[in-house]
Amino acid sequence: MFKSLLLSIFILGTLTQSAWALSPGIEPSLLKKEALSTFQAYLRLDTSNPPGNELPSARFLKQILDREGIENQLFDLGNNRANLYAILRGNGSAKPLVFLHHMDVVPADPQYWSFPPFSGQIDKGFVYGRGAIDIKGKGVVDLYTMIRLKREKQPLKRDLIFLAVADEEVNSQGARWMIEHKPELFKNAEFLIDEGKTVTENELGQAQYAMVGIGEKSPLWLKLTFTGTPGHASIPMADNAVNRALNAAHKILNYSQEIPFLVLPGLEASLRLQYAGDVTRLPGFDKDMATSLKNMDFVKALAKQPELNAMLRNTISITGMQGSDKTNIIPNRATLMLDCRLLPGQDKEPFLAELKKVIGDPSVQIEIEEYYKSLYSSPDGTYFDSLKRVLQRHYPQLPVVPTIFTSSTDSSLFRALGINVYGFESYRVDEQTSVRAHGNDERLGVDGFFWGLDFLHELVLDLNS
Ligand SMILES: [Zn+2]
């Protein structure tokens with residue numbers, strides 16, 4: 001055993017030794033070695049969604065929990081899909097803490113990868129595989145934090161709950177199933193930690209800042225149907241349904257440029273840090289966002305930055321149109337598909353009323369195809385204080401910054417239950433790595449992963465002190 005430990009130190013290099021040195025407690029080096037090989041094995045289980053096939057992954061995680069004597073339940077969802085739940089019981093004097101991750105991954109095309117996407121290959125200090133940072137790496141850090149606390153027999157105030165779900169990447173079927181069928185297992189939780197942001201490091205491996213997701217925009221997907229006078233296309237009709245749809249599309253495009261910008265409380269720091277600090281470099285930026293937004297040059301420049309534009313206002317993307325399927329027939333109806341995204345905390349009603357007014361066509365019918373109101377969690381309070389305290393033990397003065405996401409994950413479903421959900425993955429990641437989620441050569445650095453195991457262990461102890 002000792003020999004293989006030395007060998008792995010040799011293979012993983014000096015950074016690894018320093019990460020191990022950080023961590024007191026029961027044989028952390030052995031635990032890290034185990035966590036790393038579990039991570040590789042987890043990446044080898046192909047959970048490309050569709051179809052997902054998460055059941056073998058749930059069984060894989062379950063046998064590790066069983067071996068460690070950690071209470072758990074596997075929920076078979078049918079079609080080779082499953083969720084897994086595990087709990088380490090606290091004394092109940094504080095409310096539970098939940099670790100959530102999804103077992104499915106987006107598909108990967110091997111021809112664009114340097115290593116097979118389901119190999120878990122380690123090369124030059126990185127573990128490669130689809131799901132490495134979205135989000136099996138977090139799942140393994142969560143799992144081994146629980147295992148370490150169990151082995152150390154740490155007394156906890158809060159129950160620590162581990163939740164691995166199916167289907168986040170397509171329909172959130174796994175999370176929806178848990179919320180519908182087993183809410184009693186987690187609904188009294190105070191905090192749920194899901195995928196989101198991490199500690200970002202520079203090329204030299206130095207931590208630059210930590211970012212935490214506190215909210216996501218609400219999806220509001222609409223189907224707009226316009227009705228007109230049908231007929232043979234050789235005789236043009238003024239109230240052709242297709243013309244109505246086109247007129248409406250034109251008005252909607254203009255309106256989408258006028259939707260006001262809004263900086264949610266606590267988000268200014270993330271705007272300055274993200275997208276290479278673009279927001280502070282735009283023409284007309286002056287002191288802070290509130291001042292800058294009074295300058296039309298700044299507002300116009302902001303609207304041209306797609307990511308910043310989407311973070312700061314309600315948005316509308318026209319994603320589909322349908323009229324007649326015959327060139328010579330004017331149809332009864334024409335439809336437009338809109339993907340609208342509302343800032344967290346906003347209701348759909350005022351937005352829909354305004355949209356109807358903008359379209360100004362009495363024939364329009366608006367159907368909602370997908371909607372849930374997305375809340376946001378407080379950027380202050382127990383979790384944030386604890387996160388800051390423990391992070392700054394490792395990196396004094398490290399900025400810990402809240403942010404929101406423009407697309408949605410399972411987090412929104414759990415926020416709707418009144419749980420404080422934070423999007424934070426316990427590891428360090430460089431910019432070159434973070435851009436590879438859903439891309440080619442997805443990877444996670446071994447040193448950042450090892451550091452994350454120590455960090456999350458410390459954070460959980462702090463949240464239970
Ligand atoms: Zn994900």
# chains A, B, ... in the order shown; residues from 1 in each chain; ligands from 1
$ residues_near_ligand --ligand "ligand 1" --cutoff "8 Å" --atoms "only C-alpha atoms and all ligand atoms" --output "PyMOL selection string"
chain A and resi 101-102+105+134-135+168-169+195+409
$ select_by_dssp --residues "stretch 396-439 of chain A" --states "alpha helix (DSSP H)" --output "list in words"
Ser411, Ser412, Leu413, Phe414, Arg415, Glu431, Gln432, Thr433 and Ser434 of chain A
$ select_by_dssp --residues "stretch 175-324 of chain A" --states "strand (DSSP E)" --output "MDAnalysis selection string"
chainID A and resid 191:201 207:216 218:227 231:232 315:322
$ write_last_selection --atoms "N, CA and C atoms" --output "short mmCIF file (atom, residue, chain, number, x, y, z; two decimals), in the first residue's frame"
data_model
loop_
_atom_site.label_atom_id
_atom_site.label_comp_id
_atom_site.auth_asym_id
_atom_site.auth_seq_id
_atom_site.Cartn_x
_atom_site.Cartn_y
_atom_site.Cartn_z
N PHE A 191 -29.81 24.46 3.21
CA PHE A 191 -28.97 24.77 2.05
C PHE A 191 -28.88 23.58 1.12
N LEU A 192 -28.88 23.87 -0.16
CA LEU A 192 -28.61 22.83 -1.16
C LEU A 192 -27.52 23.37 -2.07
N ILE A 193 -26.47 22.58 -2.23
CA ILE A 193 -25.33 23.05 -3.03
C ILE A 193 -25.31 22.25 -4.34
N ASP A 194 -25.51 23.00 -5.42
CA ASP A 194 -25.64 22.39 -6.76
C ASP A 194 -24.47 22.86 -7.64
N GLU A 195 -24.50 22.45 -8.90
CA GLU A 195 -23.49 22.91 -9.84
C GLU A 195 -23.59 24.42 -9.99
N GLY A 196 -22.53 25.05 -10.47
CA GLY A 196 -22.53 26.50 -10.63
C GLY A 196 -21.15 26.98 -10.98
N LYS A 197 -20.58 27.81 -10.11
CA LYS A 197 -19.23 28.32 -10.34
C LYS A 197 -18.26 27.68 -9.34
N THR A 198 -16.99 28.09 -9.44
CA THR A 198 -15.93 27.47 -8.65
C THR A 198 -14.95 28.54 -8.18
N VAL A 199 -13.80 28.09 -7.71
CA VAL A 199 -12.67 29.00 -7.51
C VAL A 199 -11.92 29.03 -8.85
N THR A 200 -11.79 30.23 -9.41
CA THR A 200 -11.08 30.37 -10.68
C THR A 200 -9.61 30.68 -10.39
N GLU A 201 -8.73 29.93 -11.06
CA GLU A 201 -7.29 30.18 -10.88
C GLU A 201 -6.66 30.64 -12.19
N ALA A 207 -5.26 31.14 -7.08
CA ALA A 207 -6.70 31.44 -7.00
C ALA A 207 -6.93 32.93 -7.23
N GLN A 208 -7.89 33.25 -8.09
CA GLN A 208 -8.19 34.65 -8.42
C GLN A 208 -9.47 35.15 -7.72
N TYR A 209 -10.50 34.32 -7.79
CA TYR A 209 -11.76 34.67 -7.11
C TYR A 209 -12.62 33.41 -7.04
N ALA A 210 -13.61 33.47 -6.14
CA ALA A 210 -14.59 32.39 -6.08
C ALA A 210 -15.92 33.00 -6.46
N MET A 211 -16.68 32.30 -7.28
CA MET A 211 -17.98 32.80 -7.69
C MET A 211 -19.04 31.76 -7.32
N VAL A 212 -20.20 32.26 -6.90
CA VAL A 212 -21.26 31.38 -6.42
C VAL A 212 -22.57 31.76 -7.10
N GLY A 213 -23.24 30.79 -7.70
CA GLY A 213 -24.54 31.06 -8.33
C GLY A 213 -25.61 31.23 -7.26
N ILE A 214 -26.36 32.33 -7.34
CA ILE A 214 -27.45 32.52 -6.38
C ILE A 214 -28.81 32.54 -7.07
N GLY A 215 -28.81 32.50 -8.41
CA GLY A 215 -30.10 32.52 -9.10
C GLY A 215 -29.94 32.21 -10.57
N GLU A 216 -31.04 31.91 -11.21
CA GLU A 216 -31.04 31.61 -12.65
C GLU A 216 -32.25 32.31 -13.26
N SER A 218 -35.67 32.77 -15.30
CA SER A 218 -36.84 31.90 -15.49
C SER A 218 -37.07 31.66 -16.97
N PRO A 219 -37.21 30.41 -17.37
CA PRO A 219 -37.58 30.18 -18.77
C PRO A 219 -39.07 30.48 -18.96
N LEU A 220 -39.40 31.19 -20.00
CA LEU A 220 -40.81 31.43 -20.36
C LEU A 220 -40.89 31.20 -21.87
N TRP A 221 -41.31 29.99 -22.24
CA TRP A 221 -41.33 29.61 -23.66
C TRP A 221 -42.75 29.77 -24.17
N LEU A 222 -42.88 30.54 -25.26
CA LEU A 222 -44.22 30.91 -25.73
C LEU A 222 -44.45 30.46 -27.16
N LYS A 223 -45.71 30.08 -27.42
CA LYS A 223 -46.15 29.83 -28.79
C LYS A 223 -47.22 30.87 -29.10
N LEU A 224 -46.96 31.70 -30.10
CA LEU A 224 -47.89 32.76 -30.48
C LEU A 224 -48.60 32.31 -31.75
N THR A 225 -49.94 32.30 -31.72
CA THR A 225 -50.69 31.91 -32.92
C THR A 225 -51.48 33.11 -33.44
N PHE A 226 -51.33 33.37 -34.74
CA PHE A 226 -52.02 34.49 -35.40
C PHE A 226 -53.04 33.89 -36.38
N THR A 227 -54.23 34.48 -36.44
CA THR A 227 -55.26 33.97 -37.32
C THR A 227 -55.62 35.03 -38.36
N GLY A 231 -56.81 31.59 -48.13
CA GLY A 231 -57.24 31.66 -49.52
C GLY A 231 -56.13 31.25 -50.46
N HIS A 232 -56.40 31.39 -51.78
CA HIS A 232 -55.39 31.08 -52.78
C HIS A 232 -54.39 32.23 -52.84
N THR A 315 -34.99 38.77 -21.71
CA THR A 315 -34.63 38.66 -23.13
C THR A 315 -35.68 37.87 -23.90
N ILE A 316 -35.70 38.09 -25.21
CA ILE A 316 -36.59 37.33 -26.10
C ILE A 316 -35.75 36.85 -27.28
N SER A 317 -35.75 35.54 -27.53
CA SER A 317 -35.18 35.02 -28.78
C SER A 317 -36.33 34.42 -29.59
N ILE A 318 -36.48 34.88 -30.83
CA ILE A 318 -37.47 34.24 -31.71
C ILE A 318 -36.79 33.00 -32.27
N THR A 319 -37.37 31.83 -32.00
CA THR A 319 -36.68 30.59 -32.37
C THR A 319 -37.41 29.77 -33.42
N GLY A 320 -38.63 30.16 -33.78
CA GLY A 320 -39.33 29.38 -34.80
C GLY A 320 -40.50 30.15 -35.39
N MET A 321 -40.82 29.79 -36.67
CA MET A 321 -41.99 30.39 -37.36
C MET A 321 -42.62 29.30 -38.18
N GLN A 322 -43.93 29.33 -38.26
CA GLN A 322 -44.58 28.37 -39.16
C GLN A 322 -45.78 29.02 -39.83
#
$ closest_atom_pairs --of "stretch 57-147 of chain A" --to "stretch 435-446 of chain A" --cutoff "6 Å" --atoms "only C-alpha atoms" --output "CSV"
residue,atom,partner,partner_atom,distance
A:Trp113,CA,A:Asp441,CA,5.3
A:Gly125,CA,A:Val446,CA,5.5
A:Phe126,CA,A:Gly445,CA,4.2
A:Val127,CA,A:Arg443,CA,5.3
A:Tyr128,CA,A:Arg443,CA,4.3
A:Gly129,CA,A:Glu442,CA,5.7
A:Arg130,CA,A:Glu442,CA,5.7
A:Ala132,CA,A:Arg443,CA,5.1
A:Asp134,CA,A:Ala437,CA,5.9
$ atom_distance --atom1 "atom CA of A:Ser363" --atom2 "atom CA of A:Arg313"
28.1 Å
$ closest_atom_pairs --of "stretch 322-431 of chain A" --to "stretch 184-187 of chain A" --cutoff "10 Å" --atoms "only C-alpha atoms" --output "Markdown table"
| residue | atom | partner | partner_atom | distance |
| --- | --- | --- | --- | --- |
| A:Phe414 | CA | A:Lys187 | CA | 8.6 |
| A:Leu417 | CA | A:Lys187 | CA | 7.0 |
| A:Gly418 | CA | A:Lys187 | CA | 8.3 |
| A:Ile419 | CA | A:Lys187 | CA | 7.3 |
$ residues_around --residues "A:Arg333" --least-positions-apart "2" --cutoff "8 Å" --atoms "only C-alpha atoms" --output "list of chain:residue names"
A:Thr225, A:Phe226, A:Thr227, A:Gly228, A:Ala241, A:Val242, A:Gly323, A:Ser324, A:Pro331, A:Thr335
$ residues_around --residues "A:Leu97" --least-positions-apart "2" --cutoff "8 Å" --atoms "only C-alpha atoms" --output "PyMOL selection string"
chain A and resi 95+99+158-161+189-193
$ closest_atom_pairs --of "stretch 164-186 of chain A" --to "stretch 79-90 of chain A" --cutoff "7 Å" --atoms "only C-alpha atoms" --output "CSV"
residue,atom,partner,partner_atom,distance
A:Ala164,CA,A:Leu84,CA,5.1
A:Val165,CA,A:Asn83,CA,4.5
A:Ala166,CA,A:Asn83,CA,5.9
A:Gly174,CA,A:Asn83,CA,6.2
$ atom_distance --atom1 "atom CA of A:Leu204" --atom2 "atom CA of A:Gly139"
26.1 Å
$ residues_around --residues "A:Tyr395" --least-positions-apart "2" --cutoff "12 Å" --atoms "only C-alpha atoms" --output "PyMOL selection string"
chain A and resi 199+201+206-210+387-393+397-400+428+455
$ write_last_selection --atoms "N, CA, C and O atoms" --output "PDB file, in the first residue's frame"
ATOM      1  N   VAL A 199     -13.801  28.092  -7.706  1.00  0.00           N
ATOM      2  CA  VAL A 199     -12.666  28.995  -7.514  1.00  0.00           C
ATOM      3  C   VAL A 199     -11.924  29.032  -8.848  1.00  0.00           C
ATOM      4  O   VAL A 199     -11.519  27.993  -9.367  1.00  0.00           O
ATOM      5  N   GLU A 201      -8.726  29.934 -11.063  1.00  0.00           N
ATOM      6  CA  GLU A 201      -7.294  30.182 -10.880  1.00  0.00           C
ATOM      7  C   GLU A 201      -6.660  30.638 -12.191  1.00  0.00           C
ATOM      8  O   GLU A 201      -7.223  30.418 -13.264  1.00  0.00           O
ATOM      9  N   GLN A 206      -2.773  30.051  -9.332  1.00  0.00           N
ATOM     10  CA  GLN A 206      -3.114  30.908  -8.188  1.00  0.00           C
ATOM     11  C   GLN A 206      -4.599  31.272  -8.219  1.00  0.00           C
ATOM     12  O   GLN A 206      -5.115  31.671  -9.274  1.00  0.00           O
ATOM     13  N   ALA A 207      -5.262  31.137  -7.081  1.00  0.00           N
ATOM     14  CA  ALA A 207      -6.698  31.435  -7.003  1.00  0.00           C
ATOM     15  C   ALA A 207      -6.931  32.928  -7.227  1.00  0.00           C
ATOM     16  O   ALA A 207      -6.238  33.764  -6.640  1.00  0.00           O
ATOM     17  N   GLN A 208      -7.892  33.247  -8.093  1.00  0.00           N
ATOM     18  CA  GLN A 208      -8.191  34.648  -8.420  1.00  0.00           C
ATOM     19  C   GLN A 208      -9.466  35.145  -7.723  1.00  0.00           C
ATOM     20  O   GLN A 208      -9.523  36.240  -7.228  1.00  0.00           O
ATOM     21  N   TYR A 209     -10.500  34.324  -7.785  1.00  0.00           N
ATOM     22  CA  TYR A 209     -11.758  34.666  -7.114  1.00  0.00           C
ATOM     23  C   TYR A 209     -12.619  33.414  -7.041  1.00  0.00           C
ATOM     24  O   TYR A 209     -12.387  32.441  -7.767  1.00  0.00           O
ATOM     25  N   ALA A 210     -13.606  33.465  -6.143  1.00  0.00           N
ATOM     26  CA  ALA A 210     -14.592  32.386  -6.077  1.00  0.00           C
ATOM     27  C   ALA A 210     -15.923  32.995  -6.458  1.00  0.00           C
ATOM     28  O   ALA A 210     -16.241  34.122  -6.054  1.00  0.00           O
ATOM     29  N   LEU A 387     -18.555  30.081   3.755  1.00  0.00           N
ATOM     30  CA  LEU A 387     -17.750  29.916   2.539  1.00  0.00           C
ATOM     31  C   LEU A 387     -16.598  30.919   2.514  1.00  0.00           C
ATOM     32  O   LEU A 387     -15.447  30.568   2.237  1.00  0.00           O
ATOM     33  N   LYS A 388     -16.925  32.180   2.827  1.00  0.00           N
ATOM     34  CA  LYS A 388     -15.902  33.234   2.840  1.00  0.00           C
ATOM     35  C   LYS A 388     -14.826  32.938   3.886  1.00  0.00           C
ATOM     36  O   LYS A 388     -13.636  33.027   3.607  1.00  0.00           O
ATOM     37  N   ARG A 389     -15.299  32.572   5.076  1.00  0.00           N
ATOM     38  CA  ARG A 389     -14.373  32.333   6.183  1.00  0.00           C
ATOM     39  C   ARG A 389     -13.384  31.212   5.831  1.00  0.00           C
ATOM     40  O   ARG A 389     -12.180  31.363   5.973  1.00  0.00           O
ATOM     41  N   VAL A 390     -13.914  30.110   5.307  1.00  0.00           N
ATOM     42  CA  VAL A 390     -13.036  28.961   5.035  1.00  0.00           C
ATOM     43  C   VAL A 390     -12.158  29.223   3.807  1.00  0.00           C
ATOM     44  O   VAL A 390     -10.965  28.898   3.799  1.00  0.00           O
ATOM     45  N   LEU A 391     -12.727  29.850   2.779  1.00  0.00           N
ATOM     46  CA  LEU A 391     -11.915  30.155   1.586  1.00  0.00           C
ATOM     47  C   LEU A 391     -10.766  31.091   1.932  1.00  0.00           C
ATOM     48  O   LEU A 391      -9.648  30.923   1.448  1.00  0.00           O
ATOM     49  N   GLN A 392     -11.075  32.071   2.778  1.00  0.00           N
ATOM     50  CA  GLN A 392     -10.042  33.062   3.080  1.00  0.00           C
ATOM     51  C   GLN A 392      -8.985  32.521   4.050  1.00  0.00           C
ATOM     52  O   GLN A 392      -7.910  33.090   4.150  1.00  0.00           O
ATOM     53  N   ARG A 393      -9.279  31.393   4.694  1.00  0.00           N
ATOM     54  CA  ARG A 393      -8.237  30.681   5.424  1.00  0.00           C
ATOM     55  C   ARG A 393      -7.188  30.166   4.421  1.00  0.00           C
ATOM     56  O   ARG A 393      -6.008  30.167   4.656  1.00  0.00           O
ATOM     57  N   GLN A 397      -8.140  37.306   1.593  1.00  0.00           N
ATOM     58  CA  GLN A 397      -8.614  38.357   0.691  1.00  0.00           C
ATOM     59  C   GLN A 397      -9.226  37.876  -0.632  1.00  0.00           C
ATOM     60  O   GLN A 397      -9.516  38.685  -1.510  1.00  0.00           O
ATOM     61  N   LEU A 398      -9.390  36.576  -0.795  1.00  0.00           N
ATOM     62  CA  LEU A 398      -9.977  36.107  -2.058  1.00  0.00           C
ATOM     63  C   LEU A 398     -11.409  36.650  -2.192  1.00  0.00           C
ATOM     64  O   LEU A 398     -12.229  36.469  -1.296  1.00  0.00           O
ATOM     65  N   PRO A 399     -11.716  37.357  -3.309  1.00  0.00           N
ATOM     66  CA  PRO A 399     -13.096  37.825  -3.468  1.00  0.00           C
ATOM     67  C   PRO A 399     -14.067  36.636  -3.614  1.00  0.00           C
ATOM     68  O   PRO A 399     -13.769  35.697  -4.345  1.00  0.00           O
ATOM     69  N   VAL A 400     -15.168  36.684  -2.879  1.00  0.00           N
ATOM     70  CA  VAL A 400     -16.206  35.649  -2.971  1.00  0.00           C
ATOM     71  C   VAL A 400     -17.461  36.359  -3.464  1.00  0.00           C
ATOM     72  O   VAL A 400     -18.007  37.210  -2.777  1.00  0.00           O
ATOM     73  N   ARG A 428     -10.719  23.966  -7.727  1.00  0.00           N
ATOM     74  CA  ARG A 428     -10.147  25.125  -8.433  1.00  0.00           C
ATOM     75  C   ARG A 428     -10.037  24.769  -9.900  1.00  0.00           C
ATOM     76  O   ARG A 428      -9.619  23.667 -10.248  1.00  0.00           O
ATOM     77  N   PHE A 455     -11.136  21.254   0.970  1.00  0.00           N
ATOM     78  CA  PHE A 455     -11.917  22.459   1.204  1.00  0.00           C
ATOM     79  C   PHE A 455     -13.354  22.131   1.634  1.00  0.00           C
ATOM     80  O   PHE A 455     -13.865  22.685   2.602  1.00  0.00           O
TER      81      PHE A 455
END
$ residues_around --residues "A:Asn464" --least-positions-apart "2" --cutoff "12 Å" --atoms "only C-alpha atoms" --output "PyMOL selection string"
chain A and resi 89-97+149+154-160+382-383+386+457-462
$ closest_residue --among "A:Ser48, A:Asn240, A:Ser292, A:Ser29" --to "A:Thr280" --atoms "only C-alpha atoms"
A:Ser292
$ closest_atom_pairs --of "stretch 244-317 of chain A" --to "stretch 351-357 of chain A" --cutoff "9 Å" --atoms "only C-alpha atoms" --output "CSV"
residue,atom,partner,partner_atom,distance
A:Ile252,CA,A:Leu355,CA,7.6
A:Tyr255,CA,A:Leu355,CA,8.5
A:Asn314,CA,A:Phe351,CA,8.8
$ write_last_selection --atoms "N, CA and C atoms" --output "compact mmCIF listing (two decimals), in the first residue's frame"
# COMPACT_ATOMS: atom_id res chain seq x y z
N ILE A 252 -41.63 42.76 -32.01
CA ILE A 252 -40.99 42.09 -30.87
C ILE A 252 -39.47 42.33 -30.89
N TYR A 255 -38.87 45.81 -29.73
CA TYR A 255 -39.15 45.91 -28.29
C TYR A 255 -38.03 45.28 -27.46
N ASN A 314 -34.52 41.08 -19.10
CA ASN A 314 -35.36 40.03 -19.66
C ASN A 314 -35.05 39.97 -21.16
$ atom_distance --atom1 "atom CA of A:Ser412" --atom2 "atom CA of A:Leu308"
20.7 Å
$ residues_around --residues "A:Glu268" --least-positions-apart "6" --cutoff "10 Å" --atoms "only C-alpha atoms" --output "number ranges by chain"
A: 279, 288-290, 401-403
